[in-house]
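Below: the structure, in structure tokens.
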Amino acid sequence: MWKTNMMSGKHLHMRCMAHILNLIVQDGLKEIDASVTRLRNIVRYVRSSPARTLKFKQCCAHVKVECTKTLCLDVPTWWNSTYFMLDTAQNFEKAFDKFHLFDDGFSAYLCSHLCEDGSSASPLESDDWVNMRNVIAFFARFHELTKKVSGSRYVTCNSHFEEVSELYCHLKMCLISEDEHLRKMVERMQEKFKKYWGKPEKMNKIIFIASVLDPRNKFEYVSLTLEEFFGEEKGKKINAEVYAYMNSLFEEYLKKYSTGSCPQSLSSSTSSINTSNTSSESILTASLIRTKLHLKKQKEDNVSGGTKSELDKYIIEEQEPFSGEFDILSWWKTHAPRFSILSELARDVLAIPISSVASEYWLSKEKNPISVEENWEYLEKLEFGSSAIMTRAPNAHPKRDGTYCLRKHIRRCLERLPEIRI
């Protein structure tokens, strides 16, 4: 009704890449679920009281553990938090083995405590540590990718298809690993990968278009990668669909932003030339010669294949050399005079975040880029609740407890939001 949706809203639904990565990795973690559960229970026990934490530090000093990190308890629904827990805990293997000598209740806890699945907790064994170290090494790549796609201070949309391609190649390579546990893990993960990224007809084509709008990639990278993904025949078919969709999207922007100034100026210049020629045989100046050459070149282009659009010119030009520090926004800003309409399209497409993780923290109004590692304590409190944030102490004043303050803060933020209509 408002005529604000380009292409009738076909491109509006963009899945969060960080959430898909979470689902993929969670399926892989199920292969070592028993080892992770045992470690989680032990970390929970150590962190459950200051006295136990102090005893664990004394144990670390006794066995000469030099790691200065603090044990962190994961949130099972966030795979990267499980990664943090495993990565930190591997430094304290010796301390975990000797902790029963410093805490009399530790052994009793392992025998009597029941896990989430109803099974009793048990001490960590050597196989558990082997499994966890293999997982840490394998998931380090996924951890870096999650941080990259969740960035809040740089463009991420243009790297979406590239990162998916890299992930596909990584999983494919790990399928031939000699490690049986790793192969089973990757098989699980690949099934989930195919569910979201294995059917291009169900993928938002903006993913491909954003890659094309990266002058380091253009259609060459997208075409070759699609053929590698889906085979030559199917890849060419998908590439043709992407090309057609991008042309249609460009036509929408052409209708919206084109003012018709170029044809008018060309027409006026032509008429002035004819007038000057018919009125008097003036001397051929250098500017007049250049104008005639321009008109002759344009006539030849029209005869040979028609006037090229901004999109055609952009695609035909050579790709920019690859650089990790390439600033795509600066490139489009610099080349906006040449691609006045295409740059408007690029501005809107590149503004699309490929992850909603960054926006989930917008209420805190942080000035610095979001870092899950640095804000881990705060996130953990939000997930499990704490006396400072989510609960109220006995007999506390209702307007001084954490719950009241948090609700008041959220209410004030929501009041500043514009009205949302569906």
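To be explicit about the labels: the chains of the structure tokens are called A, B, and onward in the order shown, and within each one the residues are counted from 1, while ligands get numbers from 1 in the order they are shown.
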
Each residue of region 84-141 of chain A with at least one atom at most 9 Å from region 33-48 of chain A should appear once, together with its nearest atom pair and the corresponding distance in Å (one decimal); atoms considered: only C-alpha atoms; ordering: chain, then increasing residue number; output as JSON lines.
{"residue": "A:Met85", "atom": "CA", "partner": "A:Arg40", "partner_atom": "CA", "distance": 8.1}
{"residue": "A:Leu86", "atom": "CA", "partner": "A:Val36", "partner_atom": "CA", "distance": 7.9}
{"residue": "A:Ala89", "atom": "CA", "partner": "A:Leu39", "partner_atom": "CA", "distance": 8.2}
{"residue": "A:Phe96", "atom": "CA", "partner": "A:Ile42", "partner_atom": "CA", "distance": 8.4}
{"residue": "A:Phe106", "atom": "CA", "partner": "A:Tyr45", "partner_atom": "CA", "distance": 8.0}
{"residue": "A:Tyr109", "atom": "CA", "partner": "A:Tyr45", "partner_atom": "CA", "distance": 8.2}
{"residue": "A:Leu110", "atom": "CA", "partner": "A:Ile42", "partner_atom": "CA", "distance": 8.0}
{"residue": "A:His113", "atom": "CA", "partner": "A:Asn41", "partner_atom": "CA", "distance": 8.6}
{"residue": "A:Cys115", "atom": "CA", "partner": "A:Asn41", "partner_atom": "CA", "distance": 7.5}
{"residue": "A:Glu116", "atom": "CA", "partner": "A:Thr37", "partner_atom": "CA", "distance": 8.5}
{"residue": "A:Ala121", "atom": "CA", "partner": "A:Arg38", "partner_atom": "CA", "distance": 6.2}
{"residue": "A:Ser122", "atom": "CA", "partner": "A:Arg38", "partner_atom": "CA", "distance": 6.4}
{"residue": "A:Pro123", "atom": "CA", "partner": "A:Arg38", "partner_atom": "CA", "distance": 6.9}
{"residue": "A:Leu124", "atom": "CA", "partner": "A:Arg38", "partner_atom": "CA", "distance": 6.5}
{"residue": "A:Glu125", "atom": "CA", "partner": "A:Ser35", "partner_atom": "CA", "distance": 8.7}
{"residue": "A:Asp127", "atom": "CA", "partner": "A:Ser35", "partner_atom": "CA", "distance": 8.5}
{"residue": "A:Asp128", "atom": "CA", "partner": "A:Ser35", "partner_atom": "CA", "distance": 5.2}
{"residue": "A:Trp129", "atom": "CA", "partner": "A:Ser35", "partner_atom": "CA", "distance": 8.0}
{"residue": "A:Asn131", "atom": "CA", "partner": "A:Ser35", "partner_atom": "CA", "distance": 7.5}
{"residue": "A:Met132", "atom": "CA", "partner": "A:Ser35", "partner_atom": "CA", "distance": 7.3}

Generate a file of the selected residues that holds C-alpha atoms, formatted as a compact mmCIF listing (two decimals), in the first residue's frame.
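Okay, selection-v6.txt is ready:
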# COMPACT_ATOMS: atom_id res chain seq x y z
CA MET A 85 34.07 -23.09 28.31
CA LEU A 86 35.97 -25.89 26.54
CA ALA A 89 38.87 -25.64 30.75
CA PHE A 96 40.53 -31.07 37.74
CA PHE A 106 33.78 -32.95 45.14
CA TYR A 109 28.99 -34.46 44.21
CA LEU A 110 30.12 -36.47 41.18
CA HIS A 113 24.47 -35.21 41.25
CA CYS A 115 22.60 -34.32 34.95
CA GLU A 116 19.90 -32.72 32.81
CA ALA A 121 27.61 -36.98 36.95
CA SER A 122 31.02 -38.61 36.69
CA PRO A 123 34.67 -37.50 36.62
CA LEU A 124 36.35 -36.57 33.36
CA GLU A 125 38.43 -39.26 31.69
CA ASP A 127 39.07 -39.74 26.29
CA ASP A 128 36.92 -36.78 27.28
CA TRP A 129 39.90 -34.44 27.12
CA ASN A 131 37.42 -35.35 22.36
CA MET A 132 37.23 -31.79 23.68

Quiz item: Which residue gives the smallest distance to Gln26 (chain A) among A:Val130, A:Ala108, A:Leu350, A:Val75, with only C-alpha atoms counted?
Solution: A:Val75

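Taking CA of Met7 (chain A) as the reference point, CA of Tyr314 (chain A) is found at 21.6 Å.
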
Self-check item: Contacts of region 233-238 of chain A within 12 Å, only C-alpha atoms, excl. fewer than 5 positions in-chain, as a ChimeraX atom specification
Solution: /A:199-203,205,208,219-220,222-228,243-245

Using C-alpha atoms, can you export the residues from the last selection as an mmCIF file, in the first residue's frame?
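Done, and the output landed in result37.cif:
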data_model
loop_
_atom_site.group_PDB
_atom_site.id
_atom_site.type_symbol
_atom_site.label_atom_id
_atom_site.label_comp_id
_atom_site.auth_asym_id
_atom_site.auth_seq_id
_atom_site.Cartn_x
_atom_site.Cartn_y
_atom_site.Cartn_z
ATOM 1 C CA LYS A 199 18.814 -25.246 -1.905
ATOM 2 C CA PRO A 200 19.522 -21.975 -3.731
ATOM 3 C CA GLU A 201 15.921 -21.636 -4.898
ATOM 4 C CA LYS A 202 14.995 -21.129 -1.220
ATOM 5 C CA MET A 203 17.845 -18.693 -0.535
ATOM 6 C CA LYS A 205 19.067 -13.808 -3.910
ATOM 7 C CA PHE A 208 24.402 -13.422 -4.266
ATOM 8 C CA PHE A 219 29.779 -12.073 -11.326
ATOM 9 C CA GLU A 220 33.008 -14.018 -11.970
ATOM 10 C CA VAL A 222 29.571 -15.907 -7.966
ATOM 11 C CA SER A 223 29.381 -17.852 -11.243
ATOM 12 C CA LEU A 224 32.393 -20.040 -10.520
ATOM 13 C CA THR A 225 31.348 -20.738 -6.928
ATOM 14 C CA LEU A 226 27.784 -21.691 -7.902
ATOM 15 C CA GLU A 227 29.152 -24.184 -10.433
ATOM 16 C CA GLU A 228 31.464 -25.652 -7.778
ATOM 17 C CA TYR A 243 21.585 -12.141 -13.183
ATOM 18 C CA ALA A 244 17.925 -11.739 -14.201
ATOM 19 C CA TYR A 245 16.926 -10.838 -10.636
#

Exercise. Please provide as a ChimeraX atom specification all residues within 12 Å of Ile316 (chain A), with the sequence filter that same-chain residues fewer than 4 positions apart are discarded (counting only C-alpha atoms).
Key: /A:212,215,218-220,308-312

Quiz item: Quick one: residues within 9 Å of region 184-186 of chain A, only C-alpha atoms counted, chain neighbours fewer than 4 positions away excluded, as a ChimeraX atom specification?
Solution: /A:25,27-32,171-172,174-175,179-180,190-191

Given the selection you just returned, output its residues as a file containing N, CA, C and O atoms, formatted as a PDB file, in the first residue's frame.
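As written to disk, out_22.pdb reads:
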ATOM      1  N   VAL A  25      26.572 -26.020  14.344  1.00  0.00           N
ATOM      2  CA  VAL A  25      27.557 -26.471  15.326  1.00  0.00           C
ATOM      3  C   VAL A  25      26.905 -27.260  16.448  1.00  0.00           C
ATOM      4  O   VAL A  25      27.477 -28.239  16.945  1.00  0.00           O
ATOM      5  N   ASP A  27      24.487 -29.291  16.219  1.00  0.00           N
ATOM      6  CA  ASP A  27      24.337 -30.668  15.746  1.00  0.00           C
ATOM      7  C   ASP A  27      25.652 -31.421  15.838  1.00  0.00           C
ATOM      8  O   ASP A  27      25.679 -32.606  16.168  1.00  0.00           O
ATOM      9  N   GLY A  28      26.756 -30.749  15.545  1.00  0.00           N
ATOM     10  CA  GLY A  28      28.060 -31.394  15.640  1.00  0.00           C
ATOM     11  C   GLY A  28      28.448 -31.704  17.074  1.00  0.00           C
ATOM     12  O   GLY A  28      29.049 -32.750  17.355  1.00  0.00           O
ATOM     13  N   LEU A  29      28.099 -30.816  17.998  1.00  0.00           N
ATOM     14  CA  LEU A  29      28.458 -31.013  19.406  1.00  0.00           C
ATOM     15  C   LEU A  29      27.757 -32.210  20.041  1.00  0.00           C
ATOM     16  O   LEU A  29      28.192 -32.721  21.074  1.00  0.00           O
ATOM     17  N   LYS A  30      26.662 -32.648  19.418  1.00  0.00           N
ATOM     18  CA  LYS A  30      25.942 -33.804  19.961  1.00  0.00           C
ATOM     19  C   LYS A  30      26.795 -35.068  19.969  1.00  0.00           C
ATOM     20  O   LYS A  30      26.535 -35.992  20.738  1.00  0.00           O
ATOM     21  N   GLU A  31      27.826 -35.094  19.120  1.00  0.00           N
ATOM     22  CA  GLU A  31      28.709 -36.266  19.061  1.00  0.00           C
ATOM     23  C   GLU A  31      29.527 -36.421  20.335  1.00  0.00           C
ATOM     24  O   GLU A  31      29.912 -37.532  20.689  1.00  0.00           O
ATOM     25  N   ILE A  32      29.830 -35.315  21.015  1.00  0.00           N
ATOM     26  CA  ILE A  32      30.594 -35.402  22.274  1.00  0.00           C
ATOM     27  C   ILE A  32      29.764 -34.833  23.415  1.00  0.00           C
ATOM     28  O   ILE A  32      30.306 -34.261  24.362  1.00  0.00           O
ATOM     29  N   LEU A 171      33.904 -28.063   5.423  1.00  0.00           N
ATOM     30  CA  LEU A 171      33.178 -29.274   5.818  1.00  0.00           C
ATOM     31  C   LEU A 171      33.466 -30.427   4.852  1.00  0.00           C
ATOM     32  O   LEU A 171      33.634 -31.578   5.272  1.00  0.00           O
ATOM     33  N   LYS A 172      33.525 -30.114   3.581  1.00  0.00           N
ATOM     34  CA  LYS A 172      33.787 -31.141   2.569  1.00  0.00           C
ATOM     35  C   LYS A 172      35.166 -31.769   2.765  1.00  0.00           C
ATOM     36  O   LYS A 172      35.345 -32.983   2.615  1.00  0.00           O
ATOM     37  N   CYS A 174      36.806 -31.931   5.633  1.00  0.00           N
ATOM     38  CA  CYS A 174      36.848 -32.686   6.894  1.00  0.00           C
ATOM     39  C   CYS A 174      36.144 -34.037   6.791  1.00  0.00           C
ATOM     40  O   CYS A 174      36.333 -34.893   7.649  1.00  0.00           O
ATOM     41  N   LEU A 175      35.316 -34.212   5.764  1.00  0.00           N
ATOM     42  CA  LEU A 175      34.627 -35.499   5.590  1.00  0.00           C
ATOM     43  C   LEU A 175      35.582 -36.636   5.269  1.00  0.00           C
ATOM     44  O   LEU A 175      35.235 -37.818   5.430  1.00  0.00           O
ATOM     45  N   ASP A 179      39.959 -39.109  11.480  1.00  0.00           N
ATOM     46  CA  ASP A 179      39.320 -39.112  12.799  1.00  0.00           C
ATOM     47  C   ASP A 179      37.845 -39.478  12.638  1.00  0.00           C
ATOM     48  O   ASP A 179      37.057 -38.742  12.032  1.00  0.00           O
ATOM     49  N   GLU A 180      37.464 -40.623  13.191  1.00  0.00           N
ATOM     50  CA  GLU A 180      36.089 -41.102  13.041  1.00  0.00           C
ATOM     51  C   GLU A 180      35.084 -40.178  13.713  1.00  0.00           C
ATOM     52  O   GLU A 180      34.010 -39.906  13.163  1.00  0.00           O
ATOM     53  N   GLN A 190      26.852 -31.203   8.091  1.00  0.00           N
ATOM     54  CA  GLN A 190      26.601 -31.004   6.663  1.00  0.00           C
ATOM     55  C   GLN A 190      25.113 -31.147   6.333  1.00  0.00           C
ATOM     56  O   GLN A 190      24.595 -30.452   5.456  1.00  0.00           O
ATOM     57  N   GLU A 191      24.438 -32.017   7.042  1.00  0.00           N
ATOM     58  CA  GLU A 191      22.992 -32.159   6.833  1.00  0.00           C
ATOM     59  C   GLU A 191      22.263 -30.864   7.171  1.00  0.00           C
ATOM     60  O   GLU A 191      21.362 -30.429   6.450  1.00  0.00           O
TER      61      GLU A 191
END

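In this comparison, which uses only C-alpha atoms, the residue of A:His335, A:Ile24, A:Ser49, A:Glu320 approaching Glu187 (chain A) most closely is A:Ile24.
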
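Excluding His13 (chain A) itself and any same-chain residue fewer than 4 positions from it, the protein and nucleic acid residues within 10 Å of it, counting only C-alpha atoms, are Gly9, Met203, Asn204 and Ile206 of chain A.
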
Selected residues written out with N, CA and C atoms, as an mmCIF file, in the first residue's frame:
data_model
loop_
_atom_site.group_PDB
_atom_site.id
_atom_site.type_symbol
_atom_site.label_atom_id
_atom_site.label_comp_id
_atom_site.auth_asym_id
_atom_site.auth_seq_id
_atom_site.Cartn_x
_atom_site.Cartn_y
_atom_site.Cartn_z
ATOM 1 N N GLY A 9 8.596 -6.955 -2.235
ATOM 2 C CA GLY A 9 9.004 -7.542 -0.951
ATOM 3 C C GLY A 9 9.586 -8.933 -1.045
ATOM 4 N N MET A 203 16.972 -19.711 -1.127
ATOM 5 C CA MET A 203 17.845 -18.693 -0.535
ATOM 6 C C MET A 203 17.478 -17.308 -1.077
ATOM 7 N N ASN A 204 17.653 -16.317 -0.248
ATOM 8 C CA ASN A 204 17.411 -14.937 -0.668
ATOM 9 C C ASN A 204 18.490 -14.538 -1.670
ATOM 10 N N ILE A 206 19.484 -11.813 -2.581
ATOM 11 C CA ILE A 206 20.292 -10.675 -2.144
ATOM 12 C C ILE A 206 21.662 -11.161 -1.665
#

Quiz item: Between A:Trp331, A:Glu93, A:Thr82, A:Asp103, which is the closest to Thr53 (chain A) once you count only C-alpha atoms?
Solution: A:Asp103

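The space between CA of His170 (chain A) and CA of Pro353 (chain A) spans 23.5 Å.
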
Quiz item: In Å to one decimal, how far is CA of Lys94 (chain A) from CA of Ser112 (chain A)?
Solution: 23.0 Å

Using 6 Å as the limit and counting only C-alpha atoms, can you tabulate each residue of region 196-260 of chain A that touches region 143-162 of chain A, with its shortest atom-to-atom distance in Å and the two atoms involved, as JSON lines?
{"residue": "A:Ile207", "atom": "CA", "partner": "A:Phe161", "partner_atom": "CA", "distance": 5.9}
{"residue": "A:Ala210", "atom": "CA", "partner": "A:Asn158", "partner_atom": "CA", "distance": 4.7}
{"residue": "A:Ser211", "atom": "CA", "partner": "A:Asn158", "partner_atom": "CA", "distance": 4.7}

Based on the selection just made, write N, CA and C atoms of those residues as an mmCIF file, in the first residue's frame.
data_model
loop_
_atom_site.group_PDB
_atom_site.id
_atom_site.type_symbol
_atom_site.label_atom_id
_atom_site.label_comp_id
_atom_site.auth_asym_id
_atom_site.auth_seq_id
_atom_site.Cartn_x
_atom_site.Cartn_y
_atom_site.Cartn_z
ATOM 1 N N ILE A 207 21.737 -12.401 -1.181
ATOM 2 C CA ILE A 207 23.017 -12.971 -0.743
ATOM 3 C C ILE A 207 24.012 -12.973 -1.902
ATOM 4 N N ALA A 210 24.728 -9.173 -3.225
ATOM 5 C CA ALA A 210 25.670 -8.446 -2.374
ATOM 6 C C ALA A 210 27.108 -8.810 -2.716
ATOM 7 N N SER A 211 27.328 -10.062 -3.080
ATOM 8 C CA SER A 211 28.666 -10.492 -3.489
ATOM 9 C C SER A 211 29.046 -9.884 -4.832
#

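Using only C-alpha atoms, the protein and nucleic acid residues lying no more than 9 Å from Phe193 (chain A), apart from those fewer than 3 places from it along its own chain, are Ile20, Leu21, Leu23, Ile24, Tyr168, Arg188, Met189, Gln190, Tyr196, Trp197 and Gly198 of chain A.
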
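Nearest residue to Leu254 (chain A), choosing from A:Cys111, A:Val65, A:Ala18, A:Leu342 and counting only C-alpha atoms: A:Leu342.
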